[in-house]
Every structure is written in structure tokens, then in C-alpha cells.
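Below is start25.txt, holding compact mmCIF, C-alpha atoms and all ligand atoms.
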```
# COMPACT_ATOMS: atom_id res chain seq x y z
CA MET A 498 -50.76 31.63 240.76
CA SER A 499 -47.24 30.47 241.50
CA MET A 500 -46.42 29.06 244.89
CA ALA A 501 -44.15 32.01 245.65
CA THR A 502 -46.89 34.58 245.13
CA THR A 503 -48.45 33.28 248.34
CA ILE A 504 -45.37 34.25 250.34
CA THR A 505 -46.28 36.93 252.79
CA ALA A 506 -44.68 40.28 252.15
CA ALA A 507 -45.17 41.16 255.82
CA GLY A 508 -41.46 40.93 256.71
CA LEU A 509 -40.44 41.65 260.26
CA ASN A 510 -40.48 45.41 260.23
CA ARG A 511 -42.64 47.01 257.57
CA THR A 512 -43.61 49.93 259.80
CA GLY A 513 -40.65 52.14 258.91
CA ARG A 514 -39.94 52.59 262.63
CA TRP A 515 -36.49 52.26 264.20
CA LEU A 516 -36.07 48.99 266.07
CA GLU A 517 -33.71 48.01 268.85
CA GLU A 518 -33.44 44.58 267.20
CA PRO A 519 -33.81 45.28 263.50
CA GLY A 520 -33.25 41.76 262.18
CA PHE A 521 -30.48 40.47 259.98
CA GLY A 522 -29.89 41.22 256.30
CA VAL A 523 -28.12 39.85 253.26
CA TYR A 524 -26.99 42.05 250.37
CA VAL A 525 -26.00 40.53 247.01
CA HIS A 526 -24.28 42.76 244.44
CA ILE A 527 -24.66 42.22 240.69
CA PRO A 528 -22.16 44.60 239.05
CA PHE A 529 -23.42 44.61 235.45
CA CYS A 530 -25.47 47.13 233.48
CA LEU A 531 -26.57 47.56 229.88
CA HIS A 532 -24.73 50.87 229.76
CA ARG A 533 -23.45 53.45 232.22
CA CYS A 534 -25.81 56.29 233.26
CA HIS A 535 -24.16 59.72 233.31
CA TYR A 536 -24.56 60.26 237.06
CA CYS A 537 -23.67 56.77 238.28
CA ASP A 538 -20.68 56.02 240.50
CA PHE A 539 -21.78 52.55 241.62
CA ASN A 540 -19.51 49.56 241.21
CA THR A 541 -20.94 48.38 237.92
CA TYR A 542 -19.61 47.53 234.47
CA ALA A 543 -21.37 47.97 231.17
CA SER A 544 -20.98 45.22 228.58
CA LYS A 545 -18.43 47.01 226.45
CA GLU A 546 -16.26 47.88 229.50
CA ALA A 547 -16.08 44.34 230.81
CA SER A 548 -14.64 42.85 227.59
CA GLY A 549 -17.43 40.42 226.82
CA ALA A 550 -19.56 40.83 229.92
CA GLN A 551 -21.97 38.13 228.77
CA GLU A 552 -19.14 35.63 229.23
CA VAL A 553 -18.50 37.02 232.71
CA HIS A 554 -22.09 36.66 233.93
CA GLY A 555 -22.07 32.84 234.22
CA PRO A 556 -18.75 32.61 236.10
CA TYR A 557 -19.85 35.52 238.32
CA VAL A 558 -23.03 33.65 239.31
CA ASP A 559 -20.92 30.54 240.04
CA ALA A 560 -18.56 32.69 242.12
CA LEU A 561 -21.41 34.18 244.15
CA VAL A 562 -22.84 30.74 244.87
CA ALA A 563 -19.39 29.44 245.90
CA ASP A 564 -18.76 32.49 248.12
CA ILE A 565 -22.16 32.17 249.83
CA GLU A 566 -21.64 28.43 250.36
CA ARG A 567 -18.13 29.07 251.70
CA HIS A 568 -19.55 31.51 254.23
CA GLY A 569 -21.92 28.90 255.61
CA ALA A 570 -24.47 29.38 258.38
CA GLY A 571 -23.97 31.23 261.63
CA ASN A 572 -25.62 34.61 261.29
CA GLY A 573 -29.03 33.85 259.86
CA PRO A 574 -31.76 33.43 259.17
CA ALA A 575 -32.01 36.62 257.16
CA THR A 576 -35.09 38.73 257.72
CA SER A 577 -34.38 40.66 254.53
CA VAL A 578 -32.41 39.95 251.37
CA PHE A 579 -31.59 42.61 248.81
CA PHE A 580 -30.16 42.00 245.32
CA GLY A 581 -28.78 45.34 244.12
CA GLY A 582 -26.40 46.61 241.52
CA GLY A 583 -25.75 47.32 238.86
CA THR A 584 -28.73 45.71 237.21
CA PRO A 585 -29.51 42.32 238.74
CA THR A 586 -32.29 41.79 236.20
CA LEU A 587 -29.70 41.69 233.44
CA LEU A 588 -29.23 38.08 234.59
CA PRO A 589 -31.80 35.39 233.82
CA ALA A 590 -34.33 34.96 236.66
CA ARG A 591 -33.17 31.36 237.12
CA ASP A 592 -29.63 32.60 237.89
CA LEU A 593 -30.95 35.02 240.50
CA GLY A 594 -32.99 32.11 241.88
CA ARG A 595 -29.87 29.96 242.05
CA ILE A 596 -28.07 32.62 244.09
CA LEU A 597 -31.10 33.03 246.34
CA ASP A 598 -31.22 29.26 246.85
CA ALA A 599 -27.59 29.40 247.99
CA VAL A 600 -28.48 32.12 250.52
CA ARG A 601 -31.41 30.04 251.71
CA ALA A 602 -29.33 26.88 252.07
CA SER A 603 -26.27 28.53 253.57
CA VAL A 604 -27.35 31.55 255.64
CA GLY A 605 -31.06 30.75 255.96
CA ILE A 606 -34.01 33.02 255.15
CA ALA A 607 -36.91 33.64 257.56
CA ALA A 608 -40.30 32.50 256.27
CA ASP A 609 -41.69 36.05 256.20
CA ALA A 610 -38.51 37.73 254.96
CA GLU A 611 -38.61 40.62 252.52
CA ILE A 612 -36.67 39.58 249.39
CA THR A 613 -36.01 42.44 246.98
CA VAL A 614 -34.42 42.68 243.58
CA GLU A 615 -33.55 45.90 241.78
CA ALA A 616 -34.79 46.03 238.19
CA ASN A 617 -34.06 48.16 235.17
CA PRO A 618 -37.23 48.79 233.08
CA GLU A 619 -35.48 47.69 229.88
CA THR A 620 -34.70 44.21 231.20
CA VAL A 621 -38.05 43.02 232.56
CA ASP A 622 -41.53 41.98 231.48
CA GLU A 623 -44.46 40.18 233.09
CA ARG A 624 -43.00 36.71 232.47
CA TYR A 625 -39.68 37.74 233.98
CA PHE A 626 -41.45 38.98 237.14
CA GLU A 627 -43.47 35.74 237.32
CA ALA A 628 -40.23 33.79 237.13
CA LEU A 629 -38.76 35.91 239.95
CA LEU A 630 -41.79 35.18 242.14
CA THR A 631 -41.38 31.46 241.53
CA THR A 632 -37.81 31.63 242.82
CA GLY A 633 -38.90 33.38 246.04
CA PHE A 634 -38.48 37.13 245.45
CA ASN A 635 -41.42 39.11 246.81
CA ARG A 636 -40.39 42.73 246.19
CA VAL A 637 -39.00 44.58 243.18
CA SER A 638 -37.47 48.03 243.04
CA ILE A 639 -37.70 49.52 239.56
CA GLY A 640 -35.41 52.35 238.43
CA ILE A 641 -37.87 54.76 236.84
CA GLN A 642 -35.95 58.00 237.68
CA SER A 643 -38.17 60.28 235.55
CA LEU A 644 -41.13 60.18 233.20
CA VAL A 645 -39.87 63.07 231.08
CA PRO A 646 -37.78 62.21 227.97
CA ARG A 647 -35.54 65.32 228.24
CA VAL A 648 -34.66 64.49 231.85
CA LEU A 649 -34.01 60.82 231.10
CA LEU A 650 -31.73 61.85 228.25
CA GLY A 651 -29.79 64.26 230.48
CA LEU A 652 -29.33 61.53 233.11
CA GLY A 653 -28.09 59.13 230.46
CA ARG A 654 -30.96 56.72 230.93
CA THR A 655 -31.81 54.87 227.73
CA HIS A 656 -35.41 53.85 228.49
CA SER A 657 -38.45 55.91 227.61
CA PRO A 658 -41.22 56.91 230.04
CA GLU A 659 -43.46 54.36 228.30
CA VAL A 660 -41.01 51.52 228.92
CA ALA A 661 -40.72 52.57 232.59
CA LEU A 662 -44.51 52.58 233.07
CA THR A 663 -44.84 49.27 231.20
CA ALA A 664 -42.37 47.71 233.65
CA LEU A 665 -44.35 48.99 236.66
CA ALA A 666 -47.60 47.67 235.16
CA ALA A 667 -45.96 44.31 234.37
CA ALA A 668 -44.84 43.93 238.00
CA ARG A 669 -48.40 44.62 239.17
CA ARG A 670 -49.94 42.21 236.64
CA ALA A 671 -47.47 39.49 237.59
CA GLY A 672 -48.62 39.82 241.21
CA VAL A 673 -45.42 41.10 242.80
CA PRO A 674 -46.57 41.79 246.39
CA ASP A 675 -44.36 44.85 246.88
CA VAL A 676 -43.29 47.26 244.16
CA ASN A 677 -40.97 50.23 244.64
CA ALA A 678 -40.36 52.98 242.09
CA ASP A 679 -37.05 54.88 242.28
CA LEU A 680 -37.11 58.53 241.21
CA ILE A 681 -34.43 61.23 240.88
CA TYR A 682 -35.24 64.92 241.16
CA GLY A 683 -33.47 68.24 240.81
CA SER A 684 -31.38 67.54 237.72
CA GLN A 685 -30.22 70.39 235.49
CA TRP A 686 -32.69 69.39 232.78
CA GLU A 687 -35.78 69.27 234.97
CA GLU A 688 -38.45 71.99 234.99
CA PRO A 689 -40.86 72.23 237.93
CA ALA A 690 -43.68 70.79 235.81
CA ASP A 691 -41.46 67.82 234.86
CA TRP A 692 -41.12 66.73 238.47
CA ARG A 693 -44.90 66.86 238.93
CA THR A 694 -45.33 64.83 235.73
CA SER A 695 -42.99 62.14 237.05
CA LEU A 696 -44.60 62.00 240.47
CA GLU A 697 -48.17 61.98 239.15
CA GLY A 698 -47.38 59.32 236.54
CA VAL A 699 -45.74 57.04 239.07
CA ILE A 700 -48.48 57.53 241.65
CA GLU A 701 -51.04 56.56 239.00
CA ALA A 702 -49.11 53.32 238.39
CA ALA A 703 -49.87 52.42 242.05
CA PRO A 704 -46.57 51.20 243.51
CA ASP A 705 -46.42 50.42 247.24
CA HIS A 706 -43.26 52.39 247.87
CA ILE A 707 -41.50 55.35 246.24
CA SER A 708 -37.88 56.40 246.77
CA ALA A 709 -37.06 59.93 245.60
CA TYR A 710 -33.43 61.05 245.68
CA ALA A 711 -31.95 64.45 244.89
CA LEU A 712 -29.42 64.16 242.06
CA THR A 713 -25.88 64.44 243.37
CA ILE A 714 -22.86 65.04 241.18
CA GLU A 715 -20.37 62.30 242.03
CA ALA A 716 -16.69 62.80 241.21
CA GLY A 717 -15.44 60.78 238.28
CA THR A 718 -18.79 60.48 236.52
CA PRO A 719 -19.49 61.88 233.01
CA LEU A 720 -21.92 64.29 234.65
CA ALA A 721 -19.19 65.64 236.93
CA THR A 722 -17.00 66.23 233.88
CA LEU A 723 -19.81 68.16 232.19
CA VAL A 724 -20.23 70.35 235.26
CA THR A 725 -16.54 70.94 235.97
CA THR A 726 -15.87 71.87 232.32
CA GLY A 727 -18.79 74.29 232.28
CA ARG A 728 -20.82 72.32 229.74
CA ALA A 729 -23.67 71.79 232.21
CA PRO A 730 -24.73 73.88 235.20
CA ASP A 731 -24.35 72.47 238.69
CA VAL A 732 -27.45 71.29 240.54
CA ASP A 733 -29.15 73.95 242.68
CA PRO A 734 -29.83 72.95 246.30
CA ASP A 735 -32.64 75.51 246.59
CA VAL A 736 -34.36 74.05 243.56
CA GLN A 737 -33.90 70.58 245.00
CA ALA A 738 -35.43 71.71 248.31
CA ASP A 739 -38.47 73.00 246.38
CA ARG A 740 -38.79 69.69 244.53
CA TYR A 741 -38.56 67.81 247.83
CA GLU A 742 -41.47 69.81 249.18
CA VAL A 743 -43.53 69.05 246.10
CA ALA A 744 -42.74 65.34 246.56
CA GLY A 745 -43.95 65.51 250.16
CA GLU A 746 -47.18 67.25 249.12
CA LEU A 747 -48.10 64.97 246.23
CA LEU A 748 -47.04 61.71 247.84
CA GLY A 749 -48.74 62.60 251.13
CA ALA A 750 -51.97 63.48 249.31
CA ALA A 751 -51.79 60.11 247.52
CA GLY A 752 -51.59 58.17 250.81
CA PHE A 753 -47.83 57.61 251.03
CA GLU A 754 -46.12 58.19 254.37
CA ARG A 755 -42.55 59.42 254.48
CA TYR A 756 -40.63 57.08 256.80
CA GLU A 757 -37.10 58.16 255.89
CA ILE A 758 -35.66 61.28 254.31
CA SER A 759 -35.96 59.93 250.76
CA ASN A 760 -38.46 57.10 251.17
CA TRP A 761 -42.25 57.02 251.17
CA ALA A 762 -44.50 53.96 251.52
CA ARG A 763 -48.12 53.03 251.82
CA PRO A 764 -48.89 52.17 255.48
CA GLY A 765 -47.21 48.90 256.43
CA ARG A 766 -45.13 48.78 253.22
CA ALA A 767 -41.87 50.36 254.36
CA SER A 768 -38.81 48.37 253.32
CA ALA A 769 -37.56 46.15 256.14
CA HIS A 770 -34.11 46.04 254.53
CA ASN A 771 -33.84 49.84 254.36
CA VAL A 772 -34.93 50.17 257.98
CA LEU A 773 -32.38 47.55 258.99
CA TYR A 774 -29.62 49.77 257.53
CA TRP A 775 -30.94 52.87 259.31
CA SER A 776 -31.35 50.94 262.56
CA ALA A 777 -27.64 49.98 262.32
CA GLY A 778 -28.46 46.30 261.92
CA ASP A 779 -26.03 43.62 260.82
CA TYR A 780 -25.89 42.28 257.29
CA LEU A 781 -23.72 40.11 255.10
CA GLY A 782 -22.51 41.45 251.76
CA PHE A 783 -21.76 39.13 248.84
CA GLY A 784 -20.40 40.09 245.44
CA ALA A 785 -17.77 42.37 243.88
CA GLY A 786 -17.32 45.50 245.98
CA ALA A 787 -20.11 44.48 248.37
CA HIS A 788 -19.92 45.71 251.96
CA GLY A 789 -21.09 43.83 255.02
CA HIS A 790 -21.36 44.74 258.68
CA LEU A 791 -21.16 42.29 261.56
CA ASP A 792 -21.08 43.29 265.20
CA GLY A 793 -19.10 46.49 264.71
CA THR A 794 -16.84 45.22 261.94
CA ARG A 795 -17.28 46.53 258.41
CA TYR A 796 -15.76 44.51 255.59
CA TRP A 797 -15.74 44.77 251.84
CA SER A 798 -14.89 42.59 248.86
CA VAL A 799 -12.58 43.18 245.91
CA ARG A 800 -14.22 45.58 243.43
CA LEU A 801 -13.51 43.96 240.08
CA PRO A 802 -15.76 41.08 239.01
CA ARG A 803 -12.76 39.16 237.58
CA ASP A 804 -10.91 39.37 240.94
CA TYR A 805 -14.04 38.25 242.77
CA ILE A 806 -14.48 35.32 240.37
CA GLU A 807 -10.84 34.31 240.74
CA ALA A 808 -10.95 34.37 244.55
CA ALA A 809 -14.24 32.50 244.82
CA SER A 810 -13.29 29.89 242.22
CA GLN A 811 -10.11 29.12 244.19
CA GLY A 812 -12.05 28.83 247.45
CA ARG A 813 -10.43 31.99 248.83
CA SER A 814 -12.21 34.82 250.62
CA PRO A 815 -12.77 37.78 248.26
CA GLU A 816 -12.42 40.18 251.19
CA ALA A 817 -10.36 43.27 250.34
CA GLY A 818 -10.41 45.00 253.73
CA ARG A 819 -12.13 45.47 257.06
CA GLU A 820 -12.33 47.94 259.89
CA THR A 821 -13.66 47.56 263.40
CA LEU A 822 -15.39 50.48 265.02
CA GLU A 823 -14.97 51.20 268.72
CA PRO A 824 -18.24 51.13 270.74
CA PRO A 825 -18.51 54.97 270.95
CA GLU A 826 -18.07 55.29 267.17
CA ARG A 827 -20.67 52.60 266.60
CA ALA A 828 -23.16 54.35 268.85
CA ALA A 829 -22.57 57.72 267.18
CA GLU A 830 -23.01 56.16 263.76
CA ALA A 831 -26.19 54.41 264.89
CA LEU A 832 -27.54 57.75 266.14
CA MET A 833 -26.68 59.47 262.86
CA LEU A 834 -28.40 56.72 260.84
CA GLY A 835 -31.44 56.49 263.11
CA VAL A 836 -32.41 60.15 262.95
CA ARG A 837 -32.77 59.77 259.17
CA LEU A 838 -35.94 57.82 259.93
CA ALA A 839 -38.99 60.10 260.14
CA GLY A 840 -39.99 58.62 263.52
CA GLY A 841 -36.43 58.93 264.80
CA ILE A 842 -34.91 56.82 267.56
CA ASP A 843 -36.43 55.47 270.77
CA LEU A 844 -33.89 56.91 273.24
CA ASP A 845 -34.55 54.39 276.02
CA ALA A 846 -34.16 51.47 273.64
CA PHE A 847 -31.08 53.15 272.14
CA ALA A 848 -29.49 53.40 275.59
CA HIS A 849 -30.40 49.75 276.23
CA ARG A 850 -28.75 48.63 272.98
CA TRP A 851 -25.68 50.87 272.95
CA GLY A 852 -25.31 51.71 276.64
CA SER A 853 -26.34 54.82 278.57
CA GLU A 854 -22.74 56.07 278.52
CA ALA A 855 -22.72 56.13 274.72
CA LEU A 856 -25.94 58.11 274.68
CA ALA A 857 -24.68 60.45 277.42
CA ARG A 858 -21.60 61.20 275.29
CA SER A 859 -23.81 62.45 272.45
CA LEU A 860 -26.27 64.38 274.62
CA PRO A 861 -24.41 67.74 274.52
CA GLU A 862 -24.39 67.76 270.69
CA ILE A 863 -28.00 66.57 270.63
CA ALA A 864 -28.90 69.53 272.87
CA ARG A 865 -27.13 71.92 270.49
CA LEU A 866 -28.94 70.41 267.50
CA GLU A 867 -32.23 70.81 269.39
CA ALA A 868 -31.39 74.43 270.16
CA ASP A 869 -30.62 74.98 266.46
CA GLY A 870 -34.05 73.57 265.55
CA LEU A 871 -32.66 70.55 263.71
CA LEU A 872 -33.64 67.79 266.16
CA GLU A 873 -36.61 67.45 268.50
CA ARG A 874 -37.93 65.00 271.08
CA ALA A 875 -41.43 63.56 271.12
CA GLY A 876 -42.60 60.91 273.59
CA GLY A 877 -39.09 59.61 274.29
CA TRP A 878 -38.13 59.55 270.59
CA LEU A 879 -35.46 61.77 269.04
CA ARG A 880 -36.09 62.81 265.45
CA ALA A 881 -35.20 65.42 262.85
CA THR A 882 -37.42 68.49 262.61
CA PRO A 883 -38.77 69.42 259.14
CA ARG A 884 -35.81 71.82 258.83
CA GLY A 885 -33.43 69.12 260.06
CA THR A 886 -34.74 66.80 257.35
CA PHE A 887 -33.32 69.21 254.74
CA LEU A 888 -30.02 69.33 256.63
CA ALA A 889 -29.54 65.64 257.38
CA SER A 890 -25.90 65.62 256.30
CA GLU A 891 -25.11 68.46 258.70
CA ILE A 892 -26.80 66.56 261.52
CA GLY A 893 -24.80 63.46 260.57
CA CYS A 894 -21.47 65.34 260.60
CA ARG A 895 -22.19 66.91 263.97
CA LEU A 896 -23.25 63.66 265.61
CA LEU A 897 -20.24 61.66 264.37
S1 LIG A 901 -28.73 51.40 235.79
FE1 LIG A 901 -28.25 52.05 237.90
S2 LIG A 901 -26.37 50.96 238.46
FE2 LIG A 901 -26.58 50.84 236.19
S3 LIG A 901 -25.38 52.55 235.42
FE3 LIG A 901 -27.50 53.29 235.62
S4 LIG A 901 -27.61 54.18 237.70
FE4 LIG A 901 -25.74 52.93 237.59
```
What would you get if you wrote out this structure as C-alpha cells?
Amino acid sequence: MSMATTITAAGLNRTGRWLEEPGFGVYVHIPFCLHRCHYCDFNTYASKEASGAQEVHGPYVDALVADIERHGAGNGPATSVFFGGGTPTLLPARDLGRILDAVRASVGIAADAEITVEANPETVDERYFEALLTTGFNRVSIGIQSLVPRVLLGLGRTHSPEVALTALAAARRAGVPDVNADLIYGSQWEEPADWRTSLEGVIEAAPDHISAYALTIEAGTPLATLVTTGRAPDVDPDVQADRYEVAGELLGAAGFERYEISNWARPGRASAHNVLYWSAGDYLGFGAGAHGHLDGTRYWSVRLPRDYIEAASQGRSPEAGRETLEPPERAAEALMLGVRLAGGIDLDAFAHRWGSEALARSLPEIARLEADGLLERAGGWLRATPRGTFLASEIGCRLL
């Protein structure tokens, strides 16, 4: 057993509950993928788009390390670190370890921090996961999306269901303490039985956490072109609502608790990093197009990897912009994020953190949402009702 496999995966908040002091996070963006999935609008570049991406990977890792070192200490230690993308596991595990070492040396990482890396099934095996554990990662999030070939094809995923399940099994065999499986439901190619097949197959693979997102058609993606030109039907929100109910039934029966609209976990295995976002916590963002949030100021980096590399290699900040929210906006945003959590927000603690005036300003709209059956109060906590869970974006718009 490697030394890193003994690292506790306890983290600071694995309960999935909103916290007044949610910790401090670090996000690292790796903007490279093997190819572009049809639905994806993330800031990522497939090899052929990046004119020799393999040659970009090394300088990009150097740039990340330089940027993290340039930032220095001052906000840490991090209670959660998340490497997302893109496909971080397209890089050798030792490169991810080098970046993580820079975070550890510069920002600091708490001893019991949750340290996650997103993985694409085609890029990992047991040895790769073992190498990740040795560098200090203790959680992996694997993009499974579906276990039905027709659905994977429609989404533009190039892995098979077998490769996806092999990756999940490899993570378990390697001893990764926390494994998440990402799923997408409600695509145009999915039959009701397909969604059950995906859920049942993933449940059988015994991950600790499952994220299930309704497919959305993002402007500018190949999928959006198919829909707008009439070559594929649009997604159906009623169908997606049915699929969501099925997810709740099957995952609940298998011992998973829903702690956020799209996230289920075994008890005590909620993602601390996710909860930090929904508790409006602060986090640093490193990498091309990465966003960070510090004490009411949101900032973001240049989107293109080559611009990020150029800035970092010259010792310049790669920041492309920033905006500072006024206290009332921050409080409203925190409210909107917090009610996404199944347990909702502790209103007394919310008033303590954001001020009773900020809460008082939102109370009339909260009352209207309660009257409409979208929000409810229980024991001093404000949360979405089952109906409100389906209409989270409406709640968000009304609270902001
Ligand atoms: S693997 Fe993920 S980040 Fe990469 S193109 Fe597909 S959906 Fe986008």
C-alpha cells in the first residue's frame, strides 16, 4: 500500500450540509481532451485543435507551477483541491503530482483535505490510479456519462460501456478512497430503459458518489447545431424530469443520499469541494480560463492555453478580468447557491455570516417562493421543496 492511500478521505465537510465556514478551496484547470464531445462547451482543446497539443502539455504544466508559486501563501491551507478540465488524466500522473506539490508548497493543503482529479475512462488504469495516490490525490471523478453504446455515440463520447466500467473497477482495485461516477441523462438518444441500465450498472460498480446531470444544449456546440438545423430533436424537460425521479428512486434504494440537486453520495461521502461552492466559500483558480473567488471578488484567467503559458513564463499574472460584488449581491448569490443543497441553509448562521439586513432584504421573495410551494422551512433551515428541486433555476432567478 502506498503512503498516500493512508491519507484520510474525511475532509472537513463530507456531510453535504451547508456550512457557515465552508473551508477554502483550490481549483486547477487542465484544458486538454482527447477529442471534443458533442455537448461540451468547457474551455478545453482537443489535440488536433491545439496544433500539437502534446507539445503544449509540458509548457502548460510549467506555467501552472510558475503561476501557483507566483501566487504564494496567504489564503490557505486548502481544505479541498479539485483538478478539473478538460481531461486532467491526459497528463502523466507525475505532472499532476508536480502541480499538486506546488499547491502544497505555495498555498498549503490541510492534512485531511479532499483532493480530487477528474478522469476520462480512456486515459486511466490501475497503475495510473496508484500513481495518483502516491502523489496525494484521494478522490477521483470518472466521466462515465452512460452505459449504453447508442447514447455514448450520440453524446460524442468515444469510450465504450466496458471501458467505463473497467475504469471504475481499476479505481476501486487501486484503493482510491473516494470514487465519483458522472452520469448524463435525458439525451435525445436515450430510452427509459437505457437510463435504468446506466444507473444499475454504475451502482453495481460501487462508487461512493454519483453525479447525474440533465443534458443541456449549450450554444456553439456541435449538438446545438444539430438541434437548430433540425437534424436532432431538442431535449424534453418532461422526459428529463421523469429520468430525475428514476435516479432518485434507484439511487435512494441503493443507499445513496441526495445532498444537492444533481449529487448523491453514500453517508459521509459528499464532496467537500462541491459543498464549498454551494456554501459560497472562497477558492483560488489556476489555469487557462479558471475562475477564482476571494472575499466577494471573482476573477478569471485568460482562456487560451498559449496566452496562459506566455503570461506565466514571463512572470506576469494571467488574470483576464475581475468583478467585485456588493454585499447585498453576495448574500443573494449565497442564498441562491445554498438552497441547491438538499438540507438548505441554516438561516441563523446565514444571518450571522452575511448580516441580518441582507437576509431581511430577501425575506419577501423567500415568502413568495414559500407560498408558491418552491421553498420551505424546517427547524430553522430554508430548503427547496421536491417541486422546487425541479425548478431550481427559477428559484435562483427570483432570489438574485
Ligand atoms: S471529456 Fe469532458 S471536458 Fe473533454 S470534451 Fe468531453 S465533456 Fe468536454
Protein and nucleic residues near ligand LIG 901 (chain A), 6 Å, all atoms listed in the file, as a PyMOL selection string:
chain A and resi 530+532-534+537+539+582-584
Based on the selection just made, write C-alpha atoms of those residues as a PDB file, in the frame of the given file.
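Written file, again19.pdb:
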```pdb
ATOM      1  CA  CYS A 530     -25.470  47.130 233.480  1.00  0.00           C
ATOM      2  CA  HIS A 532     -24.730  50.870 229.760  1.00  0.00           C
ATOM      3  CA  ARG A 533     -23.450  53.450 232.220  1.00  0.00           C
ATOM      4  CA  CYS A 534     -25.810  56.290 233.260  1.00  0.00           C
ATOM      5  CA  CYS A 537     -23.670  56.770 238.280  1.00  0.00           C
ATOM      6  CA  PHE A 539     -21.780  52.550 241.620  1.00  0.00           C
ATOM      7  CA  GLY A 582     -26.400  46.610 241.520  1.00  0.00           C
ATOM      8  CA  GLY A 583     -25.750  47.320 238.860  1.00  0.00           C
ATOM      9  CA  THR A 584     -28.730  45.710 237.210  1.00  0.00           C
TER      10      THR A 584
END
```
Using all atoms listed in the file, which of A:Gly581, A:Gly569, A:Pro861, A:Gly672 sits nearest His770 (chain A)?
A:Gly581
One number please: CA of Ala711 (chain A) to CA of Leu872 (chain A), in Å, one decimal.
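For CA of Ala711 (chain A) relative to CA of Leu872 (chain A), the distance reads 21.6 Å.
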Residue with smallest distance to Ala575 (chain A) - pool A:Asp779, A:Glu746, A:Asp592, A:Glu867, counting all atoms listed in the file:
A:Asp779
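Taking all atoms listed in the file into account, Ile565 (chain A) lies nearest to A:Leu781 out of the set A:Leu781, A:Val673, A:Ala716, A:Leu588.
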Set the distance at 10 Å and use only C-alpha atoms: which residues neighbour Thr713 (chain A) once local chain neighbours fewer than 4 positions away are removed? I'd like the list as a ChimeraX atom specification.
/A:536-537,681-684,720-721,731-732,734
Can I get the selection written as a PDB file, keeping the file's coordinate frame, with C-alpha atoms?
```pdb
ATOM      1  CA  TYR A 536     -24.560  60.260 237.060  1.00  0.00           C
ATOM      2  CA  CYS A 537     -23.670  56.770 238.280  1.00  0.00           C
ATOM      3  CA  ILE A 681     -34.430  61.230 240.880  1.00  0.00           C
ATOM      4  CA  TYR A 682     -35.240  64.920 241.160  1.00  0.00           C
ATOM      5  CA  GLY A 683     -33.470  68.240 240.810  1.00  0.00           C
ATOM      6  CA  SER A 684     -31.380  67.540 237.720  1.00  0.00           C
ATOM      7  CA  LEU A 720     -21.920  64.290 234.650  1.00  0.00           C
ATOM      8  CA  ALA A 721     -19.190  65.640 236.930  1.00  0.00           C
ATOM      9  CA  ASP A 731     -24.350  72.470 238.690  1.00  0.00           C
ATOM     10  CA  VAL A 732     -27.450  71.290 240.540  1.00  0.00           C
ATOM     11  CA  PRO A 734     -29.830  72.950 246.300  1.00  0.00           C
TER      12      PRO A 734
END
```
What's the 12 Å shell around Asn572 (chain A), counting all atoms listed in the file, without same-chain residues fewer than 3 positions away, as a PyMOL selection string?
chain A and resi 520-523+568-569+575-576+600+603-607+779-781+790-792
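Every protein or nucleic acid residue with an atom no more than 6 Å from Gly653 (chain A), counting all atoms listed in the file and leaving out same-chain residues fewer than 2 positions away, appears here: Cys534, His535, Leu650 and Gly651 of chain A.
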Please produce a file of the residues just selected, as a PDB file, keeping the file's coordinate frame, where the atoms kept are C-alpha atoms.
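This is the output file part_12.pdb:
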```pdb
ATOM      1  CA  CYS A 534     -25.810  56.290 233.260  1.00  0.00           C
ATOM      2  CA  HIS A 535     -24.160  59.720 233.310  1.00  0.00           C
ATOM      3  CA  LEU A 650     -31.730  61.850 228.250  1.00  0.00           C
ATOM      4  CA  GLY A 651     -29.790  64.260 230.480  1.00  0.00           C
TER       5      GLY A 651
END
```
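Checking A:Pro556, A:Gly789, A:Pro646, A:Pro519 one by one against Ala808 (chain A), counting all atoms listed in the file, you find the shortest gap at A:Pro556.
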CA of Val562 (chain A) to CA of Thr794 (chain A), straight-line distance in Å:
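Straight-line distance from CA of Thr794 (chain A) to CA of Val562 (chain A) works out to 23.2 Å.
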When you draw a straight line from CA of Ala661 (chain A) to CA of Leu531 (chain A), how long is it in Å?
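For CA of Ala661 (chain A) relative to CA of Leu531 (chain A), the distance reads 15.3 Å.
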Shell around Tyr741 (chain A) at 12 Å using only C-alpha atoms, local window under 5 positions removed, as a list in words
Leu680, Ile681, Tyr682, Gly683, Pro689, Trp692, Arg693, Leu696, Ser708, Ala709, Tyr710, Ala711, Leu712, Pro734, Asp735, Val736, Glu746, Leu747, Leu748, Gly749, Arg755, Ile758, Ser759, Asn760, Trp761, Pro883, Thr886 and Phe887 of chain A
Enumerate, as a PyMOL selection string, the protein, DNA and RNA residues whose atoms approach (-29.6, 56.2, 261.6) to within 10 Å, taking into account all atoms listed in the file and the coordinate frame of the file.
chain A and resi 515+757+772-778+828-838+841-842+893
Excluding same-chain residues fewer than 4 positions from Pro618 (chain A), what lies within 9 Å of it counting only C-alpha atoms, as a list in words?
Asp622, Ile639, Gly640, Ile641, His656, Val660, Ala661, Leu662, Thr663, Ala664 and Leu665 of chain A
Just to be explicit: take each residue in the selection above, keep C-alpha atoms, and write the result as a JSON list (two decimals), in the frame of the given file.
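And here is the file that came out, selection_14.json:
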```
[["chain", "number", "residue", "atom", "x", "y", "z"],
["A", 622, "ASP", "CA", -41.53, 41.98, 231.48],
["A", 639, "ILE", "CA", -37.70, 49.52, 239.56],
["A", 640, "GLY", "CA", -35.41, 52.35, 238.43],
["A", 641, "ILE", "CA", -37.87, 54.76, 236.84],
["A", 656, "HIS", "CA", -35.41, 53.85, 228.49],
["A", 660, "VAL", "CA", -41.01, 51.52, 228.92],
["A", 661, "ALA", "CA", -40.72, 52.57, 232.59],
["A", 662, "LEU", "CA", -44.51, 52.58, 233.07],
["A", 663, "THR", "CA", -44.84, 49.27, 231.20],
["A", 664, "ALA", "CA", -42.37, 47.71, 233.65],
["A", 665, "LEU", "CA", -44.35, 48.99, 236.66]]
```
